[in-house]
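Everything below belongs to protein-v4.txt, which stores compact mmCIF, C-alpha atoms.
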```
# COMPACT_ATOMS: atom_id res chain seq x y z
CA PRO A 479 1.91 -17.57 -22.85
CA SER A 480 0.81 -14.47 -21.01
CA LEU A 481 -1.90 -14.84 -18.41
CA LEU A 482 -3.39 -11.66 -19.83
CA GLY A 483 -2.97 -12.80 -23.42
CA ASP A 484 -3.47 -10.11 -26.03
CA THR A 485 -5.29 -7.79 -23.65
CA MET A 486 -2.00 -6.22 -22.53
CA PHE A 487 -1.77 -2.60 -23.68
CA PRO A 488 0.00 -2.19 -27.02
CA GLN A 489 2.68 0.43 -26.34
CA LYS A 490 1.20 2.89 -28.84
CA SER A 491 -2.19 2.81 -27.14
CA LEU A 492 -0.86 3.38 -23.63
CA PRO A 493 -1.55 6.63 -21.80
CA LEU A 494 1.61 8.75 -21.75
CA PHE A 495 2.33 7.94 -18.10
CA LEU A 496 2.46 4.21 -18.91
CA ARG A 497 4.64 4.44 -22.01
CA GLY A 498 8.27 3.58 -21.71
CA ALA A 499 7.65 0.38 -19.74
CA SER A 500 10.48 -2.13 -19.96
CA LYS A 501 11.42 -3.16 -23.48
CA SER A 502 10.02 -6.62 -22.98
CA SER A 503 6.51 -5.11 -22.78
CA LYS A 504 5.41 -8.25 -20.98
CA PRO A 505 2.53 -8.17 -18.50
CA PHE A 506 3.03 -8.04 -14.77
CA LEU A 507 0.93 -11.16 -14.26
CA LYS A 508 2.44 -14.29 -15.75
CA SER A 509 1.16 -17.69 -16.70
CA PRO A 510 1.13 -20.24 -13.85
CA HIS A 511 3.24 -22.37 -16.19
CA THR A 512 6.20 -19.97 -16.01
CA SER A 513 8.96 -20.77 -13.57
CA SER A 514 8.53 -17.58 -11.55
CA ILE A 515 4.97 -18.34 -10.49
CA ALA A 516 5.55 -22.07 -10.22
CA ALA A 517 8.38 -21.37 -7.81
CA GLY A 518 6.27 -18.92 -5.88
CA ILE A 519 3.09 -20.90 -5.29
CA ASN A 520 4.09 -21.21 -1.65
CA ASN A 521 3.61 -17.49 -1.12
CA ILE A 522 6.85 -15.72 -0.36
CA PHE A 523 4.97 -13.38 1.96
CA SER A 524 4.69 -16.16 4.52
CA THR A 525 8.33 -17.27 4.44
CA PRO A 526 10.82 -16.29 7.17
CA SER A 527 13.24 -14.97 4.55
CA PHE A 528 10.69 -12.61 3.02
CA THR A 529 12.12 -9.37 4.43
CA LYS A 530 15.67 -10.36 3.56
CA ARG A 531 15.04 -10.73 -0.17
CA SER A 532 15.62 -7.98 -2.69
CA TYR A 533 13.28 -9.53 -5.27
CA PHE A 534 9.93 -11.27 -5.49
CA ILE A 535 8.87 -14.63 -6.81
CA TYR A 536 5.32 -14.03 -7.91
CA PRO A 537 2.81 -15.64 -5.56
CA GLY A 538 -0.01 -17.61 -7.08
CA PRO A 539 -3.72 -17.74 -6.20
CA LYS A 540 -4.69 -19.68 -3.09
CA SER A 541 -7.67 -21.95 -2.56
CA ILE A 542 -10.14 -20.95 0.13
CA ASP A 543 -9.76 -24.29 1.90
CA SER A 544 -6.04 -23.62 2.33
CA ILE A 545 -6.98 -20.56 4.38
CA LEU A 546 -9.87 -21.66 6.56
CA ASP A 547 -12.05 -24.60 7.55
CA VAL A 548 -14.74 -24.23 4.90
CA ARG A 549 -17.15 -26.66 6.57
CA LYS A 550 -17.13 -24.83 9.91
CA PHE A 551 -17.22 -21.44 8.25
CA SER A 552 -20.23 -22.47 6.14
CA GLU A 553 -22.21 -23.26 9.28
CA GLU A 554 -22.30 -19.56 10.24
CA PRO A 555 -24.86 -17.06 8.89
CA PRO A 556 -23.58 -14.50 6.35
CA GLU A 557 -23.35 -11.60 8.82
CA VAL A 558 -21.20 -13.69 11.13
CA GLN A 559 -19.05 -14.93 8.24
CA LYS A 560 -18.37 -11.34 7.25
CA TYR A 561 -17.31 -10.28 10.74
CA ILE A 562 -15.19 -13.40 11.27
CA TRP A 563 -13.28 -12.59 8.10
CA MET A 564 -12.85 -8.89 8.91
CA LYS A 565 -11.96 -9.51 12.55
CA LYS A 566 -9.28 -12.06 11.69
CA TYR A 567 -7.41 -9.76 9.35
CA ASN A 568 -7.87 -6.64 11.44
CA GLU A 569 -5.36 -8.26 13.76
CA SER A 570 -2.74 -8.73 11.03
CA HIS A 571 -0.12 -6.09 10.23
CA ASP A 572 0.25 -7.08 6.57
CA THR A 573 -2.93 -8.87 5.47
CA ILE A 574 -6.27 -7.24 4.65
CA GLY A 575 -9.71 -8.80 4.82
CA GLU A 576 -12.61 -7.17 2.97
CA THR A 577 -15.94 -8.35 1.57
CA LEU A 578 -18.11 -7.59 -1.43
CA SER A 579 -21.76 -8.36 -2.02
CA ALA A 580 -22.56 -10.96 -4.65
CA GLN A 581 -24.03 -8.23 -6.83
CA GLN A 582 -20.88 -6.11 -6.61
CA PHE A 583 -18.76 -9.11 -7.51
CA HIS A 584 -20.92 -9.98 -10.52
CA VAL A 585 -20.58 -6.41 -11.82
CA MET A 586 -16.83 -6.26 -11.19
CA SER A 587 -16.12 -9.68 -12.73
CA ARG A 588 -17.96 -8.78 -15.90
CA ARG A 589 -16.06 -5.52 -16.21
CA VAL A 590 -12.64 -6.90 -15.34
CA ALA A 591 -12.91 -9.36 -18.24
CA SER A 592 -12.33 -6.54 -20.73
CA ASN A 593 -10.81 -3.87 -18.46
CA ARG A 594 -7.94 -5.58 -16.69
CA HIS A 595 -5.69 -2.61 -16.06
CA PHE A 596 -5.98 0.44 -13.86
CA ILE A 597 -3.99 2.84 -11.70
CA LEU A 598 -4.68 4.07 -8.18
CA PRO A 599 -2.96 7.03 -6.50
CA VAL A 600 -1.58 6.68 -2.98
CA ASP A 601 -1.29 9.84 -0.88
CA LYS A 602 2.14 9.80 0.80
CA GLY A 603 1.65 13.20 2.46
CA HIS A 604 4.37 14.94 0.44
CA GLY A 605 2.83 13.80 -2.84
CA TYR A 606 1.29 10.86 -4.65
CA ILE A 607 2.62 7.61 -6.03
CA ASN A 608 0.60 5.70 -8.60
CA MET A 609 -0.07 2.01 -8.13
CA TYR A 610 -0.48 0.01 -11.33
CA CYS A 611 -2.96 -2.88 -11.14
CA GLN A 612 -3.37 -5.93 -13.36
CA MET A 613 -6.29 -8.27 -12.85
CA GLN A 614 -7.04 -11.75 -14.10
CA ASP A 615 -10.31 -13.39 -13.06
CA ASN A 616 -10.30 -13.26 -9.23
CA PHE A 617 -6.61 -12.40 -8.84
CA CYS A 618 -4.91 -8.99 -8.83
CA LEU A 619 -1.34 -7.73 -8.49
CA MET A 620 -0.44 -4.12 -7.73
CA THR A 621 2.94 -2.44 -8.03
CA ASN A 622 4.42 1.05 -8.17
CA LEU A 623 3.79 2.43 -11.67
CA ARG A 624 7.29 3.89 -11.86
CA GLU A 625 8.81 0.53 -10.99
CA TYR A 626 6.63 -1.21 -13.57
CA LYS A 627 7.76 1.23 -16.24
CA GLU A 628 11.39 0.52 -15.35
CA ARG A 629 11.23 -3.23 -14.69
CA GLY A 630 8.12 -4.49 -16.44
CA PRO A 631 7.20 -8.05 -15.38
CA ASN A 632 10.06 -8.07 -12.87
CA ALA A 633 8.49 -5.31 -10.77
CA ASN A 634 7.87 -6.15 -7.10
CA PRO A 635 4.18 -6.80 -6.28
CA TYR A 636 3.31 -4.39 -3.48
CA VAL A 637 -0.18 -5.83 -2.98
CA VAL A 638 -1.49 -9.27 -3.93
CA MET A 639 -5.28 -9.49 -3.83
CA GLN A 640 -7.71 -12.35 -4.41
CA HIS A 641 -11.50 -12.66 -4.40
CA PHE A 642 -13.15 -15.83 -3.10
CA PRO A 643 -16.67 -16.37 -4.52
CA GLU A 644 -17.26 -19.69 -2.75
CA PHE A 645 -19.91 -18.19 -0.44
CA MET A 646 -21.82 -16.23 -3.07
CA GLU A 647 -24.99 -18.22 -2.36
CA ASN A 648 -24.98 -16.34 0.97
CA GLY A 649 -24.60 -13.06 -0.93
CA LEU A 650 -20.98 -12.72 0.26
CA VAL A 651 -17.63 -12.65 -1.55
CA LEU A 652 -14.46 -12.66 0.55
CA VAL A 653 -11.48 -10.48 -0.38
CA ARG A 654 -7.97 -11.15 0.92
CA ALA A 655 -4.91 -9.01 0.20
CA GLU A 656 -1.30 -9.42 1.26
CA VAL A 657 0.78 -6.25 1.56
CA ASP A 658 4.53 -5.80 1.31
CA THR A 659 4.81 -3.22 4.08
CA ARG A 660 8.32 -2.25 3.04
CA TRP A 661 6.78 -0.18 0.27
CA ILE A 662 3.20 0.60 1.31
CA ASP A 663 1.49 0.38 4.68
CA LYS A 664 -1.62 -1.63 5.41
CA ASP A 665 -3.94 1.39 5.74
CA GLU A 666 -2.80 2.76 2.38
CA ALA A 667 -3.36 -0.60 0.74
CA ALA A 668 -6.79 -0.98 2.35
CA THR A 669 -7.82 2.42 1.03
CA ILE A 670 -6.77 1.76 -2.57
CA ILE A 671 -8.51 -1.62 -2.52
CA ARG A 672 -11.78 0.00 -1.43
CA VAL A 673 -11.37 2.76 -3.98
CA MET A 674 -10.62 0.24 -6.75
CA HIS A 675 -13.80 -1.65 -5.94
CA LYS A 676 -15.79 1.57 -6.08
CA PHE A 677 -14.39 2.49 -9.49
CA TYR A 678 -15.23 -0.91 -10.94
CA CYS A 679 -18.61 -1.37 -9.26
CA GLU A 680 -20.16 2.09 -9.55
CA ASP A 681 -21.41 2.93 -13.03
CA PRO A 682 -20.44 6.65 -13.24
CA LEU A 683 -16.86 6.02 -12.05
CA PHE A 684 -16.40 3.01 -14.30
CA VAL A 685 -17.73 4.74 -17.40
CA GLU A 686 -15.76 7.95 -16.88
CA PHE A 687 -12.42 6.49 -15.83
CA VAL A 688 -11.87 2.72 -15.95
CA GLU A 689 -13.29 2.11 -19.42
CA PRO A 690 -11.43 4.98 -21.09
CA PHE A 691 -8.20 3.98 -19.35
CA ASN A 692 -8.42 0.53 -20.93
CA LYS A 693 -10.08 1.22 -24.26
CA ARG A 694 -9.59 4.90 -25.10
CA PRO A 695 -6.43 6.01 -23.28
CA HIS A 696 -6.36 9.37 -25.05
CA GLU A 697 -9.65 10.25 -23.28
CA PHE A 698 -8.37 9.43 -19.80
CA ASN A 699 -8.09 12.65 -17.76
CA TYR A 700 -5.59 11.98 -15.00
CA ASN A 701 -6.06 15.27 -13.16
CA LYS A 702 -9.82 14.81 -12.97
CA PHE A 703 -9.25 11.20 -11.93
CA LEU A 704 -6.95 12.30 -9.09
CA GLU A 705 -9.49 14.81 -7.79
CA THR A 706 -12.23 12.17 -7.92
CA CYS A 707 -10.01 9.74 -6.00
CA LYS A 708 -9.49 12.33 -3.27
CA LYS A 709 -13.24 12.74 -2.86
CA THR A 710 -13.84 8.98 -2.96
CA LYS A 711 -11.28 8.42 -0.19
CA LEU A 712 -12.81 11.17 1.90
CA VAL A 713 -16.12 9.30 1.92
CA VAL A 714 -14.36 6.32 3.53
CA ARG A 715 -12.44 8.50 5.99
CA ASP A 716 -15.46 10.59 6.92
CA GLN A 717 -17.36 7.47 7.95
CA GLU A 718 -14.52 6.45 10.26
CA ARG A 719 -14.41 9.97 11.69
CA ASP A 720 -18.15 9.90 12.34
CA TYR A 721 -17.77 6.62 14.20
CA ALA A 722 -14.89 8.00 16.26
CA GLN A 723 -16.80 11.17 17.18
CA GLY A 724 -19.95 9.27 18.04
CA LEU A 725 -21.92 10.87 15.20
CA LYS A 726 -22.79 7.44 13.87
CA GLU A 727 -23.21 4.21 15.77
CA ARG A 728 -21.01 1.38 14.60
CA PRO A 729 -22.89 -1.74 13.50
CA LYS A 730 -23.08 -4.27 16.30
CA ASP A 731 -20.41 -6.91 16.10
CA PRO A 732 -22.31 -10.24 15.79
CA LEU A 733 -19.27 -11.98 17.27
CA ALA A 734 -19.80 -10.20 20.57
CA ASP A 735 -22.25 -12.90 21.66
CA VAL A 736 -20.65 -15.78 19.75
CA GLN A 737 -17.75 -17.86 20.96
CA ILE A 738 -15.55 -18.73 17.97
CA ASP A 739 -11.91 -19.79 18.10
CA LEU A 740 -10.46 -18.01 15.08
CA ASP A 741 -7.12 -19.82 15.39
CA LYS A 742 -8.88 -23.16 14.90
CA LEU A 743 -11.10 -21.88 12.12
CA PHE A 744 -8.26 -20.36 10.08
CA LYS A 745 -5.43 -22.52 8.75
CA MET A 746 -3.17 -19.57 7.88
CA TRP A 747 -3.01 -15.81 8.29
```
For this file, produce the structure as structure tokens.
Amino acid sequence: PSLLGDTMFPQKSLPLFLRGASKSSKPFLKSPHTSSIAAGINNIFSTPSFTKRSYFIYPGPKSIDSILDVRKFSEEPPEVQKYIWMKKYNESHDTIGETLSAQQFHVMSRRVASNRHFILPVDKGHGYINMYCQMQDNFCLMTNLREYKERGPNANPYVVMQHFPEFMENGLVLVRAEVDTRWIDKDEAATIIRVMHKFYCEDPLFVEFVEPFNKRPHEFNYNKFLETCKKTKLVVRDQERDYAQGLKERPKDPLADVQIDLDKLFKMW
């Protein structure tokens, strides 16, 4: 059975740019009972042979205690938890660490339940490629839309993202994403992840774009969506520019005065 069940787009209801997906019309995300995910639970991203393969075995969701020492992490205040998480993955070339507030996560989770599909444009300088996203609960796979149309469920996942709500009582939800840097670089992936969260969490963006994309495809205006994405990304980039030019002061890193051995706290990258 499909992990997305009957929520997968019927072909006739798809926006034009999604029609013509592989004849199987199966979803990108599969049931954990299928052989492809079962074989890929030990994430292929972390295997030595990863770059030598010409295909992907779909990775499955991870548990938070397979990534870090939950007991030690829980002893830190929320602001330190956030910076530990961000600092760890800032040092990785192919893994992204982000955070959401508990309120943002509540809003997104509720909306994802009935709006599990979306696209996100990636600016490649000479033009845009569209990333197709499928979400199930706290797990999300992203691939090139063109590849999905050609290969359907066999498309390579370019980005594998998971939300960890285990620390919501502190008002914090951890986000971890693994990037196949053969196809998309880490900065590009980080940008589309932030933009995706904005579109799902902010009412005007969700109502104008995400909901129509899922429920009324004929109303989805791609050109307007692309222009809105450009402006949304500029907000993120402008903040970084302001920091670099000294126009805004970066928040103080709470780890500056705290001695924490990240290698002992984290069990894996």
Using all atoms listed in the file, which residues of range 610-652 of chain A come within 9 Å of range 558-570 of chain A, and what is the closest atom pair for each, with the distance in Å to one decimal? Give it as a tab-separated table, sorted by chain and residue number.
```
residue	atom	partner	partner_atom	distance
A:Leu650	CA	A:Lys560	CA	7.6
A:Val651	CA	A:Lys560	CA	8.9
A:Leu652	CA	A:Trp563	CA	7.6
```
Once you have the residues from the selection above, write them out as a PDB file, in the frame of the given file, restricted to C-alpha atoms.
```
ATOM      1  CA  LEU A 650     -20.980 -12.720   0.260  1.00  0.00           C
ATOM      2  CA  VAL A 651     -17.630 -12.650  -1.550  1.00  0.00           C
ATOM      3  CA  LEU A 652     -14.460 -12.660   0.550  1.00  0.00           C
TER       4      LEU A 652
END
```
Checklist entry - What separation in Å, quoted to one decimal, exists between CA of Ala580 in chain A and CA of Gly649 in chain A? => result 4.7 Å
Next on the checklist: One decimal, in Å: what's the spacing between CA of Phe698 in chain A and CA of Cys611 in chain A?
Outcome noted: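 For CA of Phe698 in chain A relative to CA of Cys611 in chain A, the distance reads 16.0 Å.
Between CA of Phe703 in chain A and CA of Lys602 in chain A lies a distance of 17.1 Å.
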Restrict the calculation to all atoms listed in the file, then for each residue of range 572-604 of chain A with any atom at most 12 Å from an atom of range 633-646 of chain A give the closest atom pair and their distance in Å to one decimal, rows by chain and rising residue number, as a Markdown table.
```
| residue | atom | partner | partner_atom | distance |
| --- | --- | --- | --- | --- |
| A:Asp572 | CA | A:Val637 | CA | 9.6 |
| A:Thr573 | CA | A:Val637 | CA | 9.4 |
| A:Ile574 | CA | A:Met639 | CA | 8.8 |
| A:Gly575 | CA | A:Met639 | CA | 9.7 |
| A:Glu576 | CA | A:His641 | CA | 9.3 |
| A:Thr577 | CA | A:His641 | CA | 8.6 |
| A:Leu578 | CA | A:His641 | CA | 8.8 |
| A:Ser579 | CA | A:Met646 | CA | 7.9 |
| A:Ala580 | CA | A:Met646 | CA | 5.6 |
| A:Gln581 | CA | A:Met646 | CA | 9.1 |
| A:Gln582 | CA | A:Met646 | CA | 10.8 |
| A:Phe583 | CA | A:Pro643 | CA | 8.1 |
| A:His584 | CA | A:Pro643 | CA | 9.7 |
| A:Met586 | CA | A:His641 | CA | 10.7 |
| A:Ser587 | CA | A:His641 | CA | 10.0 |
```
Next on the checklist: Here is a test: counting only C-alpha atoms, which residue of A:Pro599, A:Pro631, A:Pro556, A:Pro682 is nearest to Tyr700 in chain A?
Outcome noted: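 Using only C-alpha atoms, Tyr700 in chain A sits closest to A:Pro599.
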Item to check | Pick from A:Glu557, A:Glu656, A:Glu689, A:Asp601, whichever lies nearest to Thr669 in chain A using all atoms listed in the file | outcome: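 Ranked by minimum distance to Thr669 in chain A, first place goes to A:Asp601.
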Set up a box along x, y and z of the file covering all listed atoms of range 580-596 of chain A, add 8 Å on every one of the six sides, and write the centre and edge lengths in Å to one decimal, as JSON.
```
{"center_x": -14.9, "center_y": -5.3, "center_z": -12.7, "size_x": 34.3, "size_y": 27.4, "size_z": 32.1}
```
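The smallest atom-to-atom distance between Ala655 in chain A and any of A:Asn622, A:Thr706, A:Asn616, A:Ser592, using all atoms listed in the file, is found for A:Asn616.
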Checklist entry - So which residues touch Thr710 in chain A within 10 Å, counting only C-alpha atoms, skipping near sequence neighbours fewer than 6 positions away, as a list in words? => result Thr669, Arg672, Val673, Lys676, Phe677 and Leu704 of chain A
Mind writing the picked residues with C-alpha atoms as a compact mmCIF listing (two decimals), in the frame of the given file?
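File written: part_4.txt
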```
# COMPACT_ATOMS: atom_id res chain seq x y z
CA THR A 669 -7.82 2.42 1.03
CA ARG A 672 -11.78 0.00 -1.43
CA VAL A 673 -11.37 2.76 -3.98
CA LYS A 676 -15.79 1.57 -6.08
CA PHE A 677 -14.39 2.49 -9.49
CA LEU A 704 -6.95 12.30 -9.09
```
Item to check | 6 Å contact set for Gln612 in chain A, only C-alpha atoms, chain neighbours under 5 positions out, as a list in words | outcome: Arg594, His595, Cys618 and Leu619 of chain A
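The residue that comes closest to Val688 in chain A, out of A:Ala668, A:Lys540, A:His571, A:Val590 and on the basis of only C-alpha atoms, is A:Val590.
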Item to check | Distance criterion (only C-alpha atoms): nearest to Asp615 in chain A out of A:Arg589, A:Leu546, A:Asp681, A:Ile670 | outcome: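 Using only C-alpha atoms, Asp615 in chain A sits closest to A:Arg589.
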